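One file, upload-v9.txt, carrying compact mmCIF, C-alpha atoms:
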# COMPACT_ATOMS: atom_id res chain seq x y z
CA LYS A 1 11.45 59.10 -42.57
CA LEU A 2 13.62 56.02 -42.90
CA PRO A 3 15.03 54.70 -46.17
CA CYS A 4 13.23 51.96 -48.05
CA ILE A 5 15.40 49.15 -49.40
CA ARG A 6 14.01 46.85 -52.12
CA GLY A 7 10.44 47.76 -51.20
CA THR A 8 10.74 47.04 -47.45
CA ARG A 9 10.60 49.83 -44.90
CA VAL A 10 13.92 49.76 -43.06
CA ALA A 11 12.37 50.29 -39.64
CA SER A 12 10.44 47.04 -39.97
CA ILE A 13 13.53 44.86 -40.36
CA VAL A 14 14.30 43.02 -37.14
CA ARG A 15 17.47 40.97 -36.83
CA THR A 16 19.28 39.13 -34.06
CA MET A 17 22.51 41.04 -33.50
CA SER A 18 25.74 39.07 -33.58
CA SER A 19 28.83 39.66 -31.50
CA THR A 20 30.98 40.15 -34.59
CA GLN A 21 32.23 43.55 -35.67
CA THR A 22 29.70 45.44 -37.79
CA ILE A 23 31.64 48.72 -38.16
CA LYS A 24 35.11 48.77 -39.73
CA TYR A 25 36.43 52.32 -39.42
CA ILE A 26 38.59 53.66 -42.26
CA PRO A 27 40.26 56.96 -41.31
CA ASP A 28 41.31 59.55 -43.86
CA SER A 29 44.95 58.62 -43.16
CA LYS A 30 44.34 55.17 -44.68
CA LEU A 31 43.18 56.55 -48.04
CA ALA A 32 45.59 56.85 -50.96
CA VAL A 33 46.23 60.42 -52.11
CA SER A 34 47.06 61.31 -55.71
CA GLU A 35 48.08 64.68 -57.21
CA PRO A 36 48.79 63.96 -60.91
CA ASN A 37 50.66 66.09 -63.40
CA PRO A 38 48.20 68.59 -64.96
CA MET A 39 49.42 67.81 -68.49
CA TRP A 40 48.24 64.20 -68.19
CA PHE A 41 44.63 65.39 -68.43
CA GLY A 42 45.04 68.24 -70.90
CA ASN A 43 45.55 71.05 -68.39
CA GLY A 44 48.04 73.90 -68.41
CA PRO A 45 50.55 74.48 -65.60
CA ASN A 46 49.28 74.96 -62.06
CA ASP A 47 48.25 78.55 -61.29
CA GLU A 48 50.38 79.18 -58.21
CA ASN A 49 49.35 82.84 -57.94
CA ASN A 50 45.58 82.31 -58.07
CA PRO A 51 44.11 83.23 -54.63
CA LYS A 52 41.02 81.09 -55.35
CA TRP A 53 43.07 77.89 -55.43
CA THR A 54 42.87 75.84 -52.22
CA ASN A 55 45.53 73.31 -53.24
CA LYS A 56 48.87 73.80 -55.01
CA ASN A 57 48.10 71.09 -57.58
CA TRP A 58 45.11 71.27 -59.93
CA LEU A 59 43.76 67.96 -58.58
CA LYS A 60 43.88 66.20 -55.24
CA SER A 61 42.20 62.79 -55.23
CA ARG A 62 41.58 60.45 -52.33
CA PHE A 63 41.21 56.84 -53.46
CA HIS A 64 39.12 54.52 -51.28
CA PHE A 65 40.05 51.49 -53.40
CA SER A 66 42.85 50.50 -55.78
CA PHE A 67 42.90 52.97 -58.65
CA ALA A 68 45.45 54.38 -61.12
CA GLU A 69 48.92 54.30 -59.52
CA TYR A 70 47.50 53.00 -56.20
CA SER A 71 47.45 49.21 -56.33
CA ASN A 72 46.61 47.30 -53.16
CA PRO A 73 45.47 43.66 -53.57
CA ARG A 74 43.98 43.86 -50.06
CA ASN A 75 41.77 46.81 -51.02
CA THR A 76 40.20 46.33 -54.45
CA ASN A 77 36.45 46.71 -53.87
CA PHE A 78 33.59 46.54 -51.40
CA GLY A 79 30.86 44.41 -52.95
CA VAL A 80 29.77 46.00 -56.22
CA LEU A 81 31.51 49.26 -55.25
CA ARG A 82 34.72 49.18 -57.27
CA VAL A 83 35.82 52.84 -57.15
CA MET A 84 35.19 55.74 -54.79
CA ASN A 85 37.32 58.78 -55.54
CA ASP A 86 36.99 62.02 -53.58
CA ASP A 87 38.22 64.66 -56.05
CA LEU A 88 39.12 68.30 -55.41
CA VAL A 89 39.52 70.18 -58.72
CA GLN A 90 40.82 73.72 -58.78
CA PRO A 91 39.21 76.52 -60.87
CA GLU A 92 39.36 76.29 -64.67
CA ARG A 93 40.82 72.79 -64.71
CA GLY A 94 39.45 69.31 -65.38
CA PHE A 95 39.61 65.91 -66.99
CA GLY A 96 39.80 65.95 -70.78
CA LYS A 97 37.91 63.50 -72.99
CA HIS A 98 38.50 59.88 -71.92
CA PRO A 99 36.72 56.51 -72.40
CA HIS A 100 34.78 54.21 -70.07
CA ARG A 101 33.29 50.78 -70.57
CA ASN A 102 31.22 48.28 -68.56
CA ALA A 103 30.72 50.32 -65.40
CA GLU A 104 27.84 52.10 -63.69
CA ILE A 105 29.29 55.50 -62.74
CA CYS A 106 27.63 57.77 -60.17
CA THR A 107 28.93 61.22 -59.24
CA TYR A 108 27.81 63.33 -56.27
CA VAL A 109 28.72 67.03 -56.24
CA VAL A 110 29.83 68.36 -52.84
CA HIS A 111 30.53 71.99 -53.81
CA GLY A 112 31.29 74.00 -56.93
CA GLN A 113 30.03 73.31 -60.45
CA LEU A 114 30.77 70.11 -62.38
CA THR A 115 30.46 70.38 -66.18
CA HIS A 116 29.98 67.07 -67.97
CA GLN A 117 30.05 66.45 -71.73
CA ASP A 118 29.87 63.04 -73.44
CA SER A 119 29.70 61.17 -76.74
CA MET A 120 25.91 60.69 -76.32
CA GLY A 121 25.43 64.43 -76.87
CA THR A 122 24.95 65.40 -73.22
CA LYS A 123 26.35 68.63 -71.81
CA GLU A 124 25.33 70.15 -68.48
CA SER A 125 26.66 71.70 -65.28
CA LEU A 126 25.58 70.53 -61.82
CA GLY A 127 26.00 72.09 -58.36
CA ARG A 128 25.98 71.08 -54.70
CA GLY A 129 24.00 67.96 -53.81
CA SER A 130 23.40 66.97 -57.43
CA ILE A 131 23.68 63.37 -58.58
CA GLN A 132 24.56 62.18 -62.07
CA PHE A 133 25.03 58.72 -63.53
CA MET A 134 26.43 57.17 -66.65
CA THR A 135 25.98 53.60 -67.83
CA ALA A 136 29.24 53.16 -69.72
CA GLY A 137 28.19 49.76 -71.06
CA SER A 138 29.43 49.06 -74.57
CA GLY A 139 31.54 52.22 -74.51
CA VAL A 140 31.32 55.98 -74.01
CA THR A 141 33.69 58.94 -73.87
CA HIS A 142 33.22 62.01 -71.70
CA SER A 143 34.96 64.96 -70.08
CA GLU A 144 34.55 66.55 -66.64
CA HIS A 145 35.60 70.11 -65.91
CA ASN A 146 35.48 72.88 -63.38
CA LEU A 147 34.93 75.87 -65.67
CA HIS A 148 34.24 78.26 -62.82
CA LYS A 149 36.25 80.50 -60.48
CA GLU A 150 35.77 78.43 -57.31
CA PRO A 151 37.12 74.96 -56.41
CA LEU A 152 35.01 71.90 -57.22
CA ARG A 153 34.71 68.80 -55.05
CA PHE A 154 32.85 65.68 -56.08
CA ILE A 155 32.62 62.00 -55.10
CA GLN A 156 32.79 59.62 -58.05
CA MET A 157 31.82 55.97 -57.66
CA TRP A 158 32.08 53.09 -60.11
CA PHE A 159 29.92 49.99 -59.69
CA THR A 160 30.18 46.58 -61.32
CA PRO A 161 27.07 46.04 -63.48
CA GLU A 162 25.09 42.81 -63.53
CA ARG A 163 25.98 42.28 -67.18
CA SER A 164 28.39 43.65 -69.74
CA GLU A 165 27.89 45.63 -72.94
CA LEU A 166 24.78 47.52 -71.81
CA LYS A 167 23.51 50.38 -73.94
CA PRO A 168 25.20 53.63 -72.78
CA ASN A 169 22.95 56.00 -70.88
CA TYR A 170 23.14 59.24 -68.88
CA GLY A 171 20.95 60.97 -66.34
CA SER A 172 21.04 63.44 -63.46
CA MET A 173 19.06 65.41 -60.88
CA CYS A 174 19.78 68.85 -59.49
CA GLY A 175 20.64 68.94 -55.78
CA SER A 176 17.83 71.39 -55.01
CA LYS A 177 15.31 68.67 -55.93
CA ILE A 178 16.74 66.03 -53.56
CA GLU A 179 15.38 66.26 -50.01
CA ARG A 180 18.30 65.40 -47.76
CA LYS A 181 18.15 67.89 -44.86
CA ASP A 182 17.87 65.77 -41.68
CA LYS A 183 16.49 62.86 -43.70
CA TRP A 184 17.74 60.15 -46.03
CA GLY A 185 17.71 61.39 -49.61
CA HIS A 186 17.34 58.20 -51.64
CA MET A 187 19.25 58.96 -54.84
CA VAL A 188 20.10 55.63 -56.50
CA SER A 189 18.43 52.22 -56.72
CA HIS A 190 18.32 49.10 -58.89
CA VAL A 191 16.53 49.36 -62.24
CA GLU A 192 13.96 46.80 -61.06
CA SER A 193 13.39 48.38 -57.65
CA LYS A 194 10.02 50.02 -56.93
CA ALA A 195 11.79 52.85 -55.11
CA LYS A 196 11.38 56.22 -56.80
CA THR A 197 14.90 57.54 -57.23
CA PRO A 198 16.44 59.95 -59.77
CA VAL A 199 19.08 57.38 -60.71
CA LYS A 200 18.56 53.73 -61.67
CA VAL A 201 21.51 51.38 -62.13
CA HIS A 202 22.07 47.81 -63.25
CA CYS A 203 23.31 46.45 -59.92
CA ASP A 204 21.82 45.59 -56.54
CA MET A 205 22.55 48.76 -54.55
CA ASN A 206 21.01 51.87 -53.02
CA MET A 207 22.59 55.23 -52.30
CA PHE A 208 21.46 57.76 -49.71
CA ALA A 209 22.75 61.21 -48.78
CA SER A 210 21.91 63.39 -45.81
CA GLU A 211 22.94 66.74 -44.34
CA LEU A 212 22.37 66.31 -40.62
CA SER A 213 22.02 69.18 -38.18
CA GLU A 214 23.60 69.17 -34.73
CA LYS A 215 22.33 66.21 -32.64
CA LYS A 216 19.83 65.14 -35.31
CA GLU A 217 19.65 61.36 -35.73
CA LEU A 218 18.88 58.99 -38.58
CA VAL A 219 18.58 55.21 -38.40
CA LEU A 220 19.74 52.58 -40.88
CA ASN A 221 18.91 48.90 -40.51
CA LEU A 222 20.93 46.38 -42.50
CA GLY A 223 19.60 42.87 -43.01
CA ASP A 224 21.87 39.85 -42.56
CA ASP A 225 22.45 39.67 -46.31
CA ARG A 226 23.32 43.37 -46.77
CA GLN A 227 26.33 45.64 -46.26
CA ALA A 228 27.01 49.36 -46.70
CA TYR A 229 29.84 51.84 -47.21
CA PHE A 230 29.63 55.00 -45.14
CA LEU A 231 31.43 58.24 -46.09
CA CYS A 232 31.72 61.41 -44.02
CA ILE A 233 31.78 64.18 -46.61
CA GLU A 234 31.70 67.10 -44.17
CA GLY A 235 31.22 67.68 -40.45
CA THR A 236 31.80 65.50 -37.39
CA PRO A 237 29.02 62.89 -37.24
CA THR A 238 29.00 59.79 -35.04
CA LEU A 239 27.83 56.29 -35.94
CA GLU A 240 26.61 53.83 -33.31
CA SER A 241 25.92 50.11 -33.63
CA GLU A 242 22.97 48.81 -31.62
CA GLY A 243 24.27 45.24 -31.80
CA THR A 244 27.86 45.79 -30.64
CA LYS A 245 27.33 49.12 -28.81
CA LYS A 246 30.33 50.51 -30.67
CA LYS A 247 30.24 54.27 -31.18
CA GLN A 248 32.54 55.75 -33.81
CA ALA A 249 33.30 59.43 -34.39
CA PHE A 250 34.07 60.67 -37.91
CA ASN A 251 35.79 63.64 -39.47
CA LYS A 252 35.85 64.88 -43.06
CA HIS A 253 36.98 62.14 -45.51
CA ASP A 254 36.67 59.28 -42.96
CA ALA A 255 34.74 56.19 -44.02
CA ALA A 256 33.52 52.84 -42.70
CA GLU A 257 32.38 49.43 -43.85
CA LEU A 258 29.05 48.45 -42.25
CA TYR A 259 27.84 44.87 -42.00
CA GLY A 260 24.34 43.50 -41.36
CA GLY A 261 22.35 42.51 -39.49
CA ASP A 262 22.57 45.49 -37.26
CA LYS A 263 20.86 48.76 -36.58
CA PHE A 264 22.98 51.90 -36.93
CA THR A 265 22.26 55.42 -35.68
CA VAL A 266 23.95 58.37 -37.36
CA THR A 267 24.07 61.59 -35.31
CA GLY A 268 24.91 65.02 -36.71
CA PRO A 269 26.36 67.40 -37.48
CA GLY A 270 27.50 65.92 -40.75
CA HIS A 271 27.07 65.52 -44.49
CA VAL A 272 27.18 61.81 -45.27
CA ILE A 273 26.66 59.24 -48.02
CA ILE A 274 25.67 55.61 -47.50
CA VAL A 275 25.99 53.05 -50.31
CA GLU A 276 23.94 49.97 -49.38
CA MET A 277 24.27 46.70 -51.29
CA LYS A 278 24.14 42.91 -51.27
CA LYS A 279 26.68 41.36 -48.90
CA GLU A 280 29.57 39.57 -50.59
CA LYS A 281 32.18 37.28 -49.07
CA ASN A 282 34.94 38.86 -51.12
CA GLY A 283 35.91 42.50 -50.90
CA GLY A 284 36.41 44.99 -48.13
CA ARG A 285 39.70 46.13 -46.65
CA SER A 286 41.75 43.25 -45.26
CA ASP A 287 44.71 45.56 -44.47
CA ILE A 288 42.97 47.32 -41.55
What would you get if you wrote out this structure as structure tokens?
Amino acid sequence: KLPCIRGTRVASIVRTMSSTQTIKYIPDSKLAVSEPNPMWFGNGPNDENNPKWTNKNWLKSRFHFSFAEYSNPRNTNFGVLRVMNDDLVQPERGFGKHPHRNAEICTYVVHGQLTHQDSMGTKESLGRGSIQFMTAGSGVTHSEHNLHKEPLRFIQMWFTPERSELKPNYGSMCGSKIERKDKWGHMVSHVESKAKTPVKVHCDMNMFASELSEKKELVLNLGDDRQAYFLCIEGTPTLESEGTKKKQAFNKHDAAELYGGDKFTVTGPGHVIIVEMKKEKNGGRSDI
């Protein structure tokens, strides 16, 4: 089953392929890496003797775009996607209460348990494959913690909303309810889209996740006016462009910018996310 974008079945979209590049590969080595002081977020010293820890520092973040101490004017956003942080949080650590405003925030849990609490009265823990969102709008505070004995990894994305000062909102869906094994799990869509997704946001975008078995294939068609950001969460998938015949291999943490109109085939094994959106002239990495 192929993903449906803005009410149109993807397989039905036919476009004349151009000779321009439609895949811009972004290897893990080109991502910024941050390991902040634990005290900055209300944590105690790093637990160097804990055998459950998989990293010496409580947090290891990979920034796909300019964020915090990483400032790169040639890498600020990709369309409405303003932030994509790949966070590894060690056991019994987390981010203390902090504010957000005027952003649509989506978080996808890769492994472990993410505990969220906010000023709207929400408190819950979510496991692998779960998706949560928060419309920060006119202002909200929240905290995010790993209260368990195993490491937590999650992908957090911030999107630019269509308008400012929206009413704050929160929602989520457990990963066990999202069908993503060898198919596109459509998790996020625009509030006015007819697509039935667990998350609705105030910007023109769609998000899909899939866990692909060995040699299993999925197809994504992008219209001329669309673009997408591809992230390899786990595994070693390949991505092939029908228009340019380019075939790109991926490893964990690698990413790519995809440009329409083109037809792309993703082949497993791999755990991937695709964020599809309206094409914009500005944005995208100009340093690669």
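Residues lying within 7 Å of stretch 64-76 of chain A, counting only C-alpha atoms and ignoring same-chain neighbours fewer than 2 positions away, are Leu31, Ala32, Arg62, Arg82, Val83, Met84, Asn85, Gly283, Gly284, Arg285, Ser286 and Asp287 of chain A.
With distances restricted to all atoms listed in the file, A:Pro151 is the closest residue to A:Lys56 from A:Pro151, A:Gly121, A:Gly96, A:Gly127.
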Show which residues sit within 10 Å of A:Glu162, as a PyMOL selection string. Count all atoms listed in the file, and ignore same-chain residues fewer than 4 positions away. chain A and resi 80+102-104+166+201-204
Using only C-alpha atoms, determine which residues lie at most 9 Å from A:Met277, disregarding the query and same-chain residues fewer than 5 positions distant; provide the list as a VMD selection string. chain A and resid 79 to 81 203 to 207 225 to 229
Out of A:Met134, A:Cys106, A:Met173, A:Leu126, which residue has the shortest atom-to-atom distance to A:His148 when counting only C-alpha atoms? A:Leu126
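Taking atom CA of A:Pro36 and atom CA of A:Glu150 as endpoints, the distance between them is 19.8 Å.
Distances from A:Pro161, A:Ser130, A:Glu280, A:Gly139 to A:Pro99 were compared using only C-alpha atoms, and the smallest one belongs to A:Gly139.
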For A:Phe41: contacts at 10 Å, all atoms listed in the file, fewer than 5 positions along chain excluded, given as a list in words: Pro36, Arg93, Gly94, Phe95, Gly96, Lys97, His98 and Ser143 of chain A
Export C-alpha atoms of the chosen residues as a short mmCIF file (atom, residue, chain, number, x, y, z; two decimals), in the frame of the given file?
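Result file follows (result_22.cif):
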data_model
loop_
_atom_site.label_atom_id
_atom_site.label_comp_id
_atom_site.auth_asym_id
_atom_site.auth_seq_id
_atom_site.Cartn_x
_atom_site.Cartn_y
_atom_site.Cartn_z
CA PRO A 36 48.79 63.96 -60.91
CA ARG A 93 40.82 72.79 -64.71
CA GLY A 94 39.45 69.31 -65.38
CA PHE A 95 39.61 65.91 -66.99
CA GLY A 96 39.80 65.95 -70.78
CA LYS A 97 37.91 63.50 -72.99
CA HIS A 98 38.50 59.88 -71.92
CA SER A 143 34.96 64.96 -70.08
#
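Interatomic distance, atom CA of A:Asp254 against atom CA of A:Ser189: 23.9 Å.
Neighbouring residues of A:His111 at 8 Å or closer, counting only C-alpha atoms and skipping chain neighbours under 5 positions away, are Gly127, Arg128, Gly129, Pro151, Leu152, Arg153 and Phe154 of chain A.
Separating atom CA of A:Lys196 from atom CA of A:Ile178 is a distance of 11.6 Å.
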Is there a way to get, as JSON, numbers by chain, all residues within 9 Å of the point (17.0, 58.1, -35.7) in file coordinates, counting all atoms listed in the file? {"A": [1, 2, 216, 217, 218, 219, 220, 264, 265, 266, 267]}
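Residues of protein, DNA and RNA with at least one atom no farther than 6 Å from (31.0, 56.5, -42.4) are, using only C-alpha atoms, Phe230, Leu231, Cys232, Ala255 and Ala256 of chain A.
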Tell me which of A:Ser164, A:Ser210, A:Thr20, A:Asn57 sits closest to A:Gly260, counting all atoms listed in the file. A:Thr20
Nearest residue to A:His271 from the set A:Asp182, A:Glu192, A:Glu257, A:Asp224 (distances using only C-alpha atoms): A:Asp182
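Of the listed residues (A:Gln132, A:Gln90, A:Leu59, A:Asn146), A:Asn146 comes nearest to A:Leu114; the distances count only C-alpha atoms.
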